[in-house]
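J.: My structure is in data_20.txt, and what it holds is compact mmCIF, C-alpha atoms:
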```
# COMPACT_ATOMS: atom_id res chain seq x y z
CA MET C 651 15.40 3.29 2.31
CA ALA C 652 17.65 1.36 4.62
CA ALA C 653 15.15 1.45 7.46
CA GLU C 654 12.28 -0.03 5.48
CA PRO C 655 12.92 -3.73 6.08
CA ALA C 656 12.50 -3.03 9.79
CA VAL C 657 9.01 -1.71 9.14
CA ALA C 658 8.31 -4.73 6.96
CA ASP C 659 9.21 -6.95 9.92
CA VAL C 660 6.66 -5.08 12.04
CA PHE C 661 3.89 -5.51 9.46
CA PHE C 662 4.76 -9.15 9.00
CA ALA C 663 4.67 -9.73 12.75
CA LEU C 664 1.30 -8.03 13.04
CA GLY C 665 -0.15 -9.94 10.11
CA ASP C 666 -1.29 -12.86 12.22
CA ARG C 667 -4.39 -13.18 14.37
CA THR C 668 -2.66 -14.75 17.35
CA ARG C 669 0.19 -12.28 17.39
CA LEU C 670 -2.16 -9.36 16.96
CA SER C 671 -4.12 -10.53 20.00
CA LEU C 672 -0.86 -10.84 21.96
CA VAL C 673 -0.04 -7.24 21.07
CA THR C 674 -3.51 -6.18 22.25
CA LYS C 675 -3.09 -8.01 25.54
CA LEU C 676 0.37 -6.62 26.13
CA GLY C 677 -0.94 -3.16 25.33
CA ALA C 678 -3.50 -3.49 28.08
CA GLU C 679 -1.23 -4.92 30.74
CA ARG C 680 2.44 -4.19 31.14
CA GLY C 681 4.51 -7.32 31.60
CA MET C 682 2.83 -10.70 31.13
CA SER C 683 4.27 -14.21 31.17
CA ALA C 684 3.81 -16.62 28.28
CA THR C 685 1.64 -18.72 30.59
CA ALA C 686 -0.68 -15.82 31.33
CA LEU C 687 -0.77 -14.92 27.66
CA SER C 688 -1.76 -18.46 26.64
CA GLU C 689 -4.59 -18.73 29.16
CA ASP C 690 -7.53 -18.13 26.85
CA ALA C 691 -5.60 -18.68 23.62
CA LYS C 692 -6.59 -21.40 21.19
CA VAL C 693 -3.00 -22.52 20.81
CA THR C 694 -0.49 -24.06 23.21
CA ARG C 695 1.84 -22.12 25.44
CA GLN C 696 4.69 -23.37 23.27
CA ALA C 697 3.09 -21.83 20.19
CA ILE C 698 2.58 -18.58 22.10
CA VAL C 699 6.29 -18.50 22.95
CA LYS C 700 7.11 -18.91 19.25
CA HIS C 701 4.79 -16.05 18.36
CA LEU C 702 6.35 -13.91 21.06
CA ARG C 703 9.76 -14.56 19.52
CA VAL C 704 8.51 -13.29 16.16
CA LEU C 705 7.16 -10.16 17.86
CA GLU C 706 10.45 -9.73 19.66
CA GLY C 707 12.38 -10.11 16.40
CA ALA C 708 10.36 -7.25 14.93
CA GLY C 709 11.10 -5.05 17.93
CA LEU C 710 7.47 -5.02 19.05
CA VAL C 711 8.08 -6.84 22.29
CA THR C 712 10.94 -7.24 24.74
CA HIS C 713 11.25 -9.58 27.68
CA GLU C 714 12.57 -9.14 31.16
CA LYS C 715 13.31 -11.72 33.82
CA ARG C 716 11.56 -11.34 37.10
CA GLY C 717 12.59 -14.07 39.50
CA ARG C 718 11.91 -17.33 37.72
CA GLU C 719 9.39 -15.73 35.43
CA VAL C 720 9.95 -14.17 32.03
CA LEU C 721 7.67 -11.21 31.43
CA TYR C 722 6.93 -9.85 27.98
CA VAL C 723 6.51 -6.11 27.48
CA LEU C 724 5.15 -4.20 24.50
CA GLU C 725 7.55 -1.76 22.85
CA GLY C 726 5.39 1.11 21.66
CA GLY C 727 8.14 2.65 19.55
CA ALA C 728 7.91 0.11 16.76
CA LEU C 729 4.15 0.63 16.49
CA VAL C 730 4.54 4.40 16.36
CA GLU C 731 7.08 4.04 13.56
CA ALA C 732 4.83 1.69 11.61
CA ARG C 733 1.99 4.15 11.92
CA ALA C 734 4.15 7.05 10.78
CA PHE C 735 5.14 4.94 7.82
CA LEU C 736 1.53 4.25 6.80
CA ASP C 737 0.55 7.87 7.21
CA GLY C 738 3.57 8.98 5.28
CA ILE C 739 2.85 6.89 2.22
CA SER C 740 -0.80 7.85 2.09
CA ALA C 741 -0.02 10.49 -0.51
CA GLY C 742 1.71 8.06 -2.82
CA TRP C 743 0.36 6.11 -5.78
CA ASP C 744 0.73 2.71 -4.19
CA ARG C 745 -1.64 3.59 -1.40
CA ALA C 746 -4.09 5.22 -3.81
CA ILE C 747 -4.05 2.11 -5.99
CA GLU C 748 -4.86 -0.09 -3.02
CA ARG C 749 -7.88 2.07 -2.24
CA LEU C 750 -8.95 1.92 -5.87
CA ARG C 751 -8.61 -1.85 -5.71
CA THR C 752 -10.78 -2.04 -2.63
CA MET C 753 -13.40 -0.01 -4.42
CA VAL C 754 -13.60 -1.88 -7.74
CA GLU C 755 -12.95 -5.43 -6.59
CA GLU C 756 -16.29 -6.17 -5.06
CA PRO C 757 -17.75 -7.88 -3.23
CA PRO C 758 -15.02 -7.63 -0.66
CA ARG C 759 -13.83 -10.97 0.58
CA ALA C 760 -15.17 -11.75 4.01
CA LYS C 761 -11.91 -13.07 5.29
CA ARG C 762 -8.47 -11.96 4.45
CA PRO C 763 -6.04 -14.73 3.63
CA ARG C 764 -3.88 -15.60 6.58
CA GLN C 765 -0.24 -16.43 6.39
CA LYS C 766 0.84 -19.97 6.90
CA VAL C 767 1.35 -20.82 10.53
CA LYS C 768 1.41 -24.37 11.80
CA VAL C 769 -1.69 -24.54 13.90
CA ALA C 770 -3.46 -27.82 14.52
CA THR C 771 -6.90 -26.65 13.46
CA SER C 772 -5.59 -24.74 10.47
CA LYS C 773 -8.06 -24.13 7.68
CA LEU C 774 -5.88 -21.52 6.17
CA SER C 775 -6.05 -20.30 2.65
CA LYS C 776 -3.19 -21.19 0.32
CA ARG C 777 -2.86 -17.59 -0.71
CA SER C 778 -0.19 -16.01 1.34
CA VAL C 779 0.32 -12.56 -0.12
CA PRO C 780 -1.34 -9.72 1.73
CA ARG C 781 -3.22 -7.59 -0.75
CA SER C 782 -3.71 -4.46 1.21
CA ILE C 783 -2.31 -2.62 4.12
CA PRO C 784 -3.17 -4.42 7.34
CA MET Q 1223 18.75 4.30 -9.97
CA ALA Q 1224 15.92 4.11 -12.46
CA THR Q 1225 14.55 7.07 -14.37
CA THR Q 1226 13.98 10.20 -12.31
CA ASP Q 1227 11.42 11.59 -14.74
CA LYS Q 1228 8.59 9.14 -14.40
CA ILE Q 1229 6.80 6.85 -12.02
CA GLU Q 1230 5.21 3.78 -13.51
CA LYS Q 1231 2.81 1.52 -11.67
CA GLN Q 1232 1.08 -1.53 -13.03
CA VAL Q 1233 -1.59 -3.50 -11.27
CA THR Q 1234 -4.13 -6.17 -12.18
CA LEU Q 1235 -7.55 -5.45 -10.76
CA ARG Q 1236 -10.12 -8.20 -10.50
CA ALA Q 1237 -12.87 -6.10 -12.00
CA PRO Q 1238 -14.07 -5.55 -15.56
CA VAL Q 1239 -12.64 -2.67 -17.59
CA GLY Q 1240 -15.99 -0.86 -17.46
CA ARG Q 1241 -15.96 -0.86 -13.68
CA VAL Q 1242 -12.38 0.41 -13.44
CA TRP Q 1243 -13.12 3.09 -16.04
CA LYS Q 1244 -16.01 4.38 -13.98
CA ALA Q 1245 -13.82 4.52 -10.86
CA LEU Q 1246 -11.39 6.71 -12.79
CA ALA Q 1247 -13.62 8.80 -15.01
CA ASP Q 1248 -16.41 9.64 -12.59
CA THR Q 1249 -15.23 12.49 -10.36
CA GLU Q 1250 -17.23 11.28 -7.39
CA GLU Q 1251 -15.74 7.79 -7.59
CA PHE Q 1252 -12.26 9.13 -8.33
CA GLY Q 1253 -12.51 11.38 -5.30
CA ALA Q 1254 -13.63 8.51 -3.09
CA TRP Q 1255 -10.47 6.46 -3.57
CA PHE Q 1256 -8.12 9.36 -4.02
CA GLY Q 1257 -9.28 11.35 -1.04
CA VAL Q 1258 -10.46 14.55 -2.69
CA LYS Q 1259 -13.88 16.06 -3.23
CA LEU Q 1260 -14.09 17.16 -6.87
CA GLU Q 1261 -16.49 19.59 -8.53
CA GLY Q 1262 -18.21 18.72 -11.81
CA GLN Q 1263 -17.06 16.05 -14.24
CA PHE Q 1264 -13.85 15.33 -16.12
CA ALA Q 1265 -13.76 16.37 -19.78
CA ALA Q 1266 -10.82 16.89 -22.15
CA GLY Q 1267 -9.34 20.34 -21.68
CA ARG Q 1268 -11.25 20.99 -18.51
CA SER Q 1269 -9.73 22.05 -15.19
CA VAL Q 1270 -11.43 20.28 -12.33
CA ARG Q 1271 -11.43 21.89 -8.90
CA GLY Q 1272 -11.42 20.06 -5.66
CA THR Q 1273 -10.94 20.06 -1.93
CA PHE Q 1274 -8.73 17.57 -0.13
CA SER Q 1275 -10.96 15.45 2.04
CA GLU Q 1276 -8.36 13.36 3.73
CA ARG Q 1277 -6.89 13.89 7.13
CA ILE Q 1278 -3.21 14.43 6.59
CA ASN Q 1279 -0.77 13.51 9.31
CA GLU Q 1280 2.04 16.01 8.91
CA ALA Q 1281 4.21 14.41 11.59
CA GLY Q 1282 3.92 11.10 9.77
CA ILE Q 1283 4.89 12.68 6.46
CA LEU Q 1284 7.90 14.45 7.98
CA GLU Q 1285 8.99 11.19 9.60
CA TYR Q 1286 8.62 9.35 6.29
CA GLN Q 1287 10.65 12.00 4.45
CA LYS Q 1288 13.36 11.73 7.06
CA ARG Q 1289 13.33 7.96 6.62
CA LEU Q 1290 13.78 8.35 2.88
CA GLY Q 1291 16.71 10.69 3.46
CA LEU Q 1292 14.86 13.67 1.97
CA PRO Q 1293 15.04 17.19 3.32
CA PRO Q 1294 11.72 17.36 5.18
CA SER Q 1295 9.27 20.03 4.15
CA LYS Q 1296 6.09 21.13 5.86
CA VAL Q 1297 2.69 20.27 4.46
CA LYS Q 1298 0.44 22.92 3.00
CA ILE Q 1299 -3.01 21.75 1.99
CA PRO Q 1300 -4.17 23.63 -1.13
CA GLU Q 1301 -7.01 26.10 -0.65
CA PRO Q 1302 -10.45 24.47 -0.85
CA ASN Q 1303 -11.82 24.43 -4.36
CA SER Q 1304 -8.51 25.03 -6.09
CA VAL Q 1305 -7.57 23.36 -9.37
CA PHE Q 1306 -6.89 19.69 -8.75
CA CYS Q 1307 -6.01 18.74 -12.32
CA THR Q 1308 -6.53 19.67 -15.96
CA VAL Q 1309 -7.78 16.83 -18.13
CA VAL Q 1310 -5.74 16.18 -21.26
CA SER Q 1311 -7.48 13.26 -22.89
CA MET Q 1312 -10.25 10.73 -22.31
CA GLU Q 1313 -10.88 7.61 -24.38
CA PRO Q 1314 -13.59 5.59 -22.64
CA GLU Q 1315 -12.44 2.28 -21.16
CA ARG Q 1316 -8.97 2.72 -22.62
CA TYR Q 1317 -7.09 5.88 -21.66
CA PHE Q 1318 -7.39 8.86 -19.32
CA SER Q 1319 -4.79 11.56 -18.71
CA PHE Q 1320 -4.49 14.81 -16.81
CA ARG Q 1321 -1.85 17.23 -15.61
CA TRP Q 1322 -1.40 18.33 -12.02
CA ILE Q 1323 1.15 19.73 -9.64
CA PRO Q 1324 2.99 16.70 -8.29
CA TYR Q 1325 2.92 16.38 -4.53
CA GLY Q 1326 1.03 19.65 -4.38
CA ILE Q 1327 0.67 19.53 -0.61
CA ASP Q 1328 4.33 20.50 -0.26
CA ALA Q 1329 4.63 23.85 1.51
CA GLU Q 1330 7.51 24.64 -0.84
CA ALA Q 1331 5.37 24.24 -3.95
CA ASP Q 1332 4.33 27.48 -5.61
CA PRO Q 1333 0.89 26.83 -7.10
CA LYS Q 1334 1.12 29.86 -9.42
CA ASN Q 1335 4.35 28.96 -11.15
CA GLU Q 1336 4.67 25.26 -10.57
CA PRO Q 1337 5.33 23.00 -13.57
CA THR Q 1338 2.91 20.09 -13.86
CA THR Q 1339 3.41 16.39 -14.39
CA LEU Q 1340 1.33 14.28 -16.78
CA VAL Q 1341 -0.64 11.46 -15.19
CA GLU Q 1342 -1.80 8.71 -17.56
CA PHE Q 1343 -4.06 5.77 -16.89
CA ARG Q 1344 -4.14 2.91 -19.42
CA LEU Q 1345 -6.70 0.16 -19.14
CA GLU Q 1346 -6.34 -3.23 -20.75
CA ASN Q 1347 -8.68 -6.16 -20.74
CA VAL Q 1348 -6.98 -9.28 -19.34
CA PRO Q 1349 -8.39 -12.68 -18.29
CA GLU Q 1350 -8.16 -11.75 -14.60
CA GLY Q 1351 -9.97 -8.45 -15.13
CA THR Q 1352 -8.21 -5.19 -15.89
CA LEU Q 1353 -4.56 -4.42 -16.25
CA LEU Q 1354 -4.16 -0.82 -15.13
CA THR Q 1355 -0.98 1.08 -15.89
CA ILE Q 1356 -0.42 4.45 -14.25
CA VAL Q 1357 2.42 6.63 -15.49
CA GLU Q 1358 3.26 9.99 -13.99
CA SER Q 1359 5.93 11.80 -16.00
CA GLY Q 1360 7.62 15.20 -16.16
CA PHE Q 1361 9.40 15.21 -12.80
CA ASP Q 1362 12.57 16.48 -14.47
CA GLN Q 1363 10.76 19.82 -14.93
CA VAL Q 1364 9.96 20.16 -11.23
CA PRO Q 1365 12.16 22.76 -9.50
CA LYS Q 1366 15.27 21.09 -8.17
CA HIS Q 1367 14.70 21.95 -4.52
CA ARG Q 1368 11.59 19.81 -4.37
CA ARG Q 1369 11.99 17.44 -7.31
CA GLU Q 1370 13.17 14.40 -5.43
CA ARG Q 1371 10.64 14.96 -2.68
CA ALA Q 1372 7.77 15.18 -5.16
CA PHE Q 1373 8.98 12.06 -6.93
CA ARG Q 1374 9.55 9.96 -3.86
CA MET Q 1375 6.38 11.05 -2.11
CA ASN Q 1376 4.21 10.23 -5.12
CA GLU Q 1377 6.12 7.07 -5.82
CA GLY Q 1378 5.08 5.73 -2.45
CA GLY Q 1379 6.91 2.90 -0.86
CA TRP Q 1380 4.28 0.28 -0.82
CA ALA Q 1381 5.42 -1.79 -3.78
CA ALA Q 1382 8.79 -2.32 -2.19
CA GLN Q 1383 7.08 -2.92 1.10
CA ALA Q 1384 4.72 -5.52 -0.33
CA ALA Q 1385 7.67 -7.29 -1.91
CA ASN Q 1386 9.44 -7.37 1.44
CA ILE Q 1387 6.41 -8.82 3.14
CA GLN Q 1388 5.94 -11.39 0.41
CA LYS Q 1389 9.54 -12.48 0.82
CA HIS Q 1390 8.93 -12.96 4.52
CA VAL Q 1391 5.70 -14.84 4.03
CA ASP Q 1392 7.25 -17.11 1.44
CA GLY Q 1393 10.02 -17.75 3.93
CA ARG Q 1394 12.88 -16.64 1.70
```
Show this structure as structure tokens.

T.:
Amino acid sequence: MAAEPAVADVFFALGDRTRLSLVTKLGAERGMSATALSEDAKVTRQAIVKHLRVLEGAGLVTHEKRGREVLYVLEGGALVEARAFLDGISAGWDRAIERLRTMVEEPPRAKRPRQKVKVATSKLSKRSVPRSIP
Amino acid sequence: MATTDKIEKQVTLRAPVGRVWKALADTEEFGAWFGVKLEGQFAAGRSVRGTFSERINEAGILEYQKRLGLPPSKVKIPEPNSVFCTVVSMEPERYFSFRWIPYGIDAEADPKNEPTTLVEFRLENVPEGTLLTIVESGFDQVPKHRRERAFRMNEGGWAAQAANIQKHVDGR
């Protein structure tokens, strides 16, 4: 199972609203600067750069220098692997149990607990453990 | 390496025992979370037939097997309406068990001669709701060429995965 921590890094990186939106943006447009990515974001450019570093650490994003600009590019491979992983475990008990949990633990919570990220307007829940597959 | 004969899973569900029991004992509810459409109801001694209702991504499964270091094996979905499991015992709100062919979607499984594993569900009332213990045992009887695959595929990797994520989130 040596490769599993790498997949865990991918899920961790995706388990954040800001980072997920960065992935969406980078999926739509190849090569964007941190400035462009922070244009309509609710957080500062500096925070965006931090998030990009987390994505890069998980292998989801790479960066390339173009002139004075640094452009961030989505690496599809990591996403494909994460998807294969989820599909692969769908036959196992752990996945079945999570679906059972979703079914019996009603009503479903409206908002999933977010992980702790230092954001000025944070109203984040103290709970930090994801309960089901993102 | 822990035991190779059984898989044990324990989870606390925030729902009363009666609710969890219904999700297990009612074939329609069981099928909804398990991903199989079952015929009729569970009763001790009864073989319940079913049809797999879930889309199965073979490429994903082969990739996962490769990742686990297992010899990959193609997927073969059982014929519609074939025996899904044979119920052993039912004690309302306490215990439910059946036998089935473990990881029966393996193309190398031989439905006619395949040994079964015993799947047991134990329910316990706890302050948070229900403590559910699932034990699947009898893997040592599974033919050698597919024993580890059946075990690892049913074991799933999510518990380890969740622990990894938790470690990350806790910043350790």

J.: Restricting the calculation to only C-alpha atoms, which member of C:Val711, C:Ala697, C:Ala678, C:Ala732 is positioned closest to chain Q?

T.: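 Smallest distance to chain Q is found for C:Ala732.
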
J.: Using only C-alpha atoms, which of the listed residues (Q:Phe1373, Q:Phe1343, Q:Phe1274, Q:Tyr1286) sits closest to Pro1324 in chain Q?

T.: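 For Pro1324 in chain Q, the nearest of the given residues is Q:Phe1373.
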
J.: Residues within 7 Å of Val699 in chain C, please, as a list in words. Count all atoms listed in the file; anything in the same chain fewer than 4 positions from it doesn't count.

T.: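 Residues near the query, excluding close chain neighbours: Ala684, Arg695 and Arg703 of chain C.
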
J.: One decimal, Å: what's the distance from CA of Pro1333 in chain Q over to CA of Ser1304 in chain Q, could you say?

T.: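 About the pair CA of Pro1333 in chain Q and CA of Ser1304 in chain Q: they are 9.6 Å apart.
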
J.: Taking all atoms listed in the file into account, name the residue in C:Val673, C:Ala728, C:Val660, C:Leu687 that is nearest to chain Q.

T.: C:Val660

J.: Rounded to one decimal in Å, what is the spacing between CA of Arg1289 in chain Q and CA of Glu1336 in chain Q?

T.: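 Interatomic distance, CA of Arg1289 in chain Q to CA of Glu1336 in chain Q: 25.9 Å.
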
J.: Please, what distance in Å, to one decimal, runs between CA of Val704 in chain C and CA of Phe661 in chain C?

T.: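 Computing it gives 11.3 Å between the two atoms.
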
J.: May I have the protein, DNA and RNA residues with any atom at most 8 Å from the point (10.6, -12.1, 26.9), counting all atoms listed in the file, written as a PDB file with C-alpha atoms, in the coordinates of the input?

T.:
```
ATOM      1  CA  SER C 683       4.270 -14.210  31.170  1.00  0.00           C
ATOM      2  CA  LEU C 702       6.350 -13.910  21.060  1.00  0.00           C
ATOM      3  CA  ARG C 703       9.760 -14.560  19.520  1.00  0.00           C
ATOM      4  CA  GLU C 706      10.450  -9.730  19.660  1.00  0.00           C
ATOM      5  CA  VAL C 711       8.080  -6.840  22.290  1.00  0.00           C
ATOM      6  CA  THR C 712      10.940  -7.240  24.740  1.00  0.00           C
ATOM      7  CA  HIS C 713      11.250  -9.580  27.680  1.00  0.00           C
ATOM      8  CA  GLU C 714      12.570  -9.140  31.160  1.00  0.00           C
ATOM      9  CA  LYS C 715      13.310 -11.720  33.820  1.00  0.00           C
ATOM     10  CA  VAL C 720       9.950 -14.170  32.030  1.00  0.00           C
ATOM     11  CA  LEU C 721       7.670 -11.210  31.430  1.00  0.00           C
ATOM     12  CA  TYR C 722       6.930  -9.850  27.980  1.00  0.00           C
ATOM     13  CA  VAL C 723       6.510  -6.110  27.480  1.00  0.00           C
TER      14      VAL C 723
END
```

J.: List every protein, DNA or RNA residue that has an atom no more than 12 Å from (-14.6, 19.8, -20.4) in the file's coordinate frame, counting all atoms listed in the file, and report them as JSON, numbers by chain.

T.: {"Q": [1262, 1263, 1264, 1265, 1266, 1267, 1268, 1269, 1270, 1307, 1308, 1309, 1310, 1311, 1312, 1320]}

J.: Generate a file of the selected residues that holds C-alpha atoms, formatted as a short mmCIF file (atom, residue, chain, number, x, y, z; two decimals), in the frame of the given file.

T.:
```cif
data_model
loop_
_atom_site.label_atom_id
_atom_site.label_comp_id
_atom_site.auth_asym_id
_atom_site.auth_seq_id
_atom_site.Cartn_x
_atom_site.Cartn_y
_atom_site.Cartn_z
CA GLY Q 1262 -18.21 18.72 -11.81
CA GLN Q 1263 -17.06 16.05 -14.24
CA PHE Q 1264 -13.85 15.33 -16.12
CA ALA Q 1265 -13.76 16.37 -19.78
CA ALA Q 1266 -10.82 16.89 -22.15
CA GLY Q 1267 -9.34 20.34 -21.68
CA ARG Q 1268 -11.25 20.99 -18.51
CA SER Q 1269 -9.73 22.05 -15.19
CA VAL Q 1270 -11.43 20.28 -12.33
CA CYS Q 1307 -6.01 18.74 -12.32
CA THR Q 1308 -6.53 19.67 -15.96
CA VAL Q 1309 -7.78 16.83 -18.13
CA VAL Q 1310 -5.74 16.18 -21.26
CA SER Q 1311 -7.48 13.26 -22.89
CA MET Q 1312 -10.25 10.73 -22.31
CA PHE Q 1320 -4.49 14.81 -16.81
#
```

J.: Please determine, counting all atoms listed in the file, which residue among C:Thr752, C:Gln696, C:Thr668, C:Ser688 has the shortest atom-to-atom distance to Trp1255 in chain Q.

T.: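 Between C:Thr752, C:Gln696, C:Thr668, C:Ser688, the residue approaching Trp1255 in chain Q most closely is C:Thr752.
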
J.: Tell me, as number ranges by chain, which residues lie within 9 Å of Pro1314 in chain Q, counting all atoms listed in the file; anything in the same chain fewer than 3 positions away does not count.

T.: Q: 1240, 1243, 1247, 1317-1318

J.: From the set Q:Val1233, Q:Val1341, Q:Val1242, Q:Ile1278, which residue has the shortest atom-to-atom contact distance to Gly1257 in chain Q, counting all atoms listed in the file?

T.: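 Nearest to Gly1257 in chain Q: Q:Ile1278.
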
J.: Please identify all polymer residues within 12 Å of Asn1376 in chain Q, counting only C-alpha atoms, omitting same-chain residues fewer than 3 positions from it, and present them as a PyMOL selection string.

T.: (chain C and resi 738-747) or (chain Q and resi 1228-1231+1283+1287+1323-1328+1339+1341+1356-1359+1361+1369-1373+1379-1380)

J.: What would the file look like if the residues just selected were written as a CSV table (one decimal), keeping the file's coordinate frame with C-alpha atoms?

T.:
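The resulting part-v1.csv:
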```
chain,number,residue,atom,x,y,z
C,738,GLY,CA,3.6,9.0,5.3
C,739,ILE,CA,2.8,6.9,2.2
C,740,SER,CA,-0.8,7.8,2.1
C,741,ALA,CA,0.0,10.5,-0.5
C,742,GLY,CA,1.7,8.1,-2.8
C,743,TRP,CA,0.4,6.1,-5.8
C,744,ASP,CA,0.7,2.7,-4.2
C,745,ARG,CA,-1.6,3.6,-1.4
C,746,ALA,CA,-4.1,5.2,-3.8
C,747,ILE,CA,-4.0,2.1,-6.0
Q,1228,LYS,CA,8.6,9.1,-14.4
Q,1229,ILE,CA,6.8,6.8,-12.0
Q,1230,GLU,CA,5.2,3.8,-13.5
Q,1231,LYS,CA,2.8,1.5,-11.7
Q,1283,ILE,CA,4.9,12.7,6.5
Q,1287,GLN,CA,10.6,12.0,4.4
Q,1323,ILE,CA,1.2,19.7,-9.6
Q,1324,PRO,CA,3.0,16.7,-8.3
Q,1325,TYR,CA,2.9,16.4,-4.5
Q,1326,GLY,CA,1.0,19.6,-4.4
Q,1327,ILE,CA,0.7,19.5,-0.6
Q,1328,ASP,CA,4.3,20.5,-0.3
Q,1339,THR,CA,3.4,16.4,-14.4
Q,1341,VAL,CA,-0.6,11.5,-15.2
Q,1356,ILE,CA,-0.4,4.4,-14.2
Q,1357,VAL,CA,2.4,6.6,-15.5
Q,1358,GLU,CA,3.3,10.0,-14.0
Q,1359,SER,CA,5.9,11.8,-16.0
Q,1361,PHE,CA,9.4,15.2,-12.8
Q,1369,ARG,CA,12.0,17.4,-7.3
Q,1370,GLU,CA,13.2,14.4,-5.4
Q,1371,ARG,CA,10.6,15.0,-2.7
Q,1372,ALA,CA,7.8,15.2,-5.2
Q,1373,PHE,CA,9.0,12.1,-6.9
Q,1379,GLY,CA,6.9,2.9,-0.9
Q,1380,TRP,CA,4.3,0.3,-0.8
```

J.: Taking all atoms of range 667-680 of chain C that appear in the file, build a box with edges along x, y and z, extend it by 6 Å on every side, and state its centre and edge lengths in Å to one decimal, as JSON.

T.:
```
{"center_x": -1.0, "center_y": -9.0, "center_z": 22.8, "size_x": 18.8, "size_y": 23.6, "size_z": 28.8}
```

J.: Taking into account only C-alpha atoms, which residue in the set C:Glu755, C:Glu689, C:Glu725, C:Glu748 is nearest to Gly707 in chain C?

T.: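 Result for the nearest residue to Gly707 in chain C: C:Glu725.
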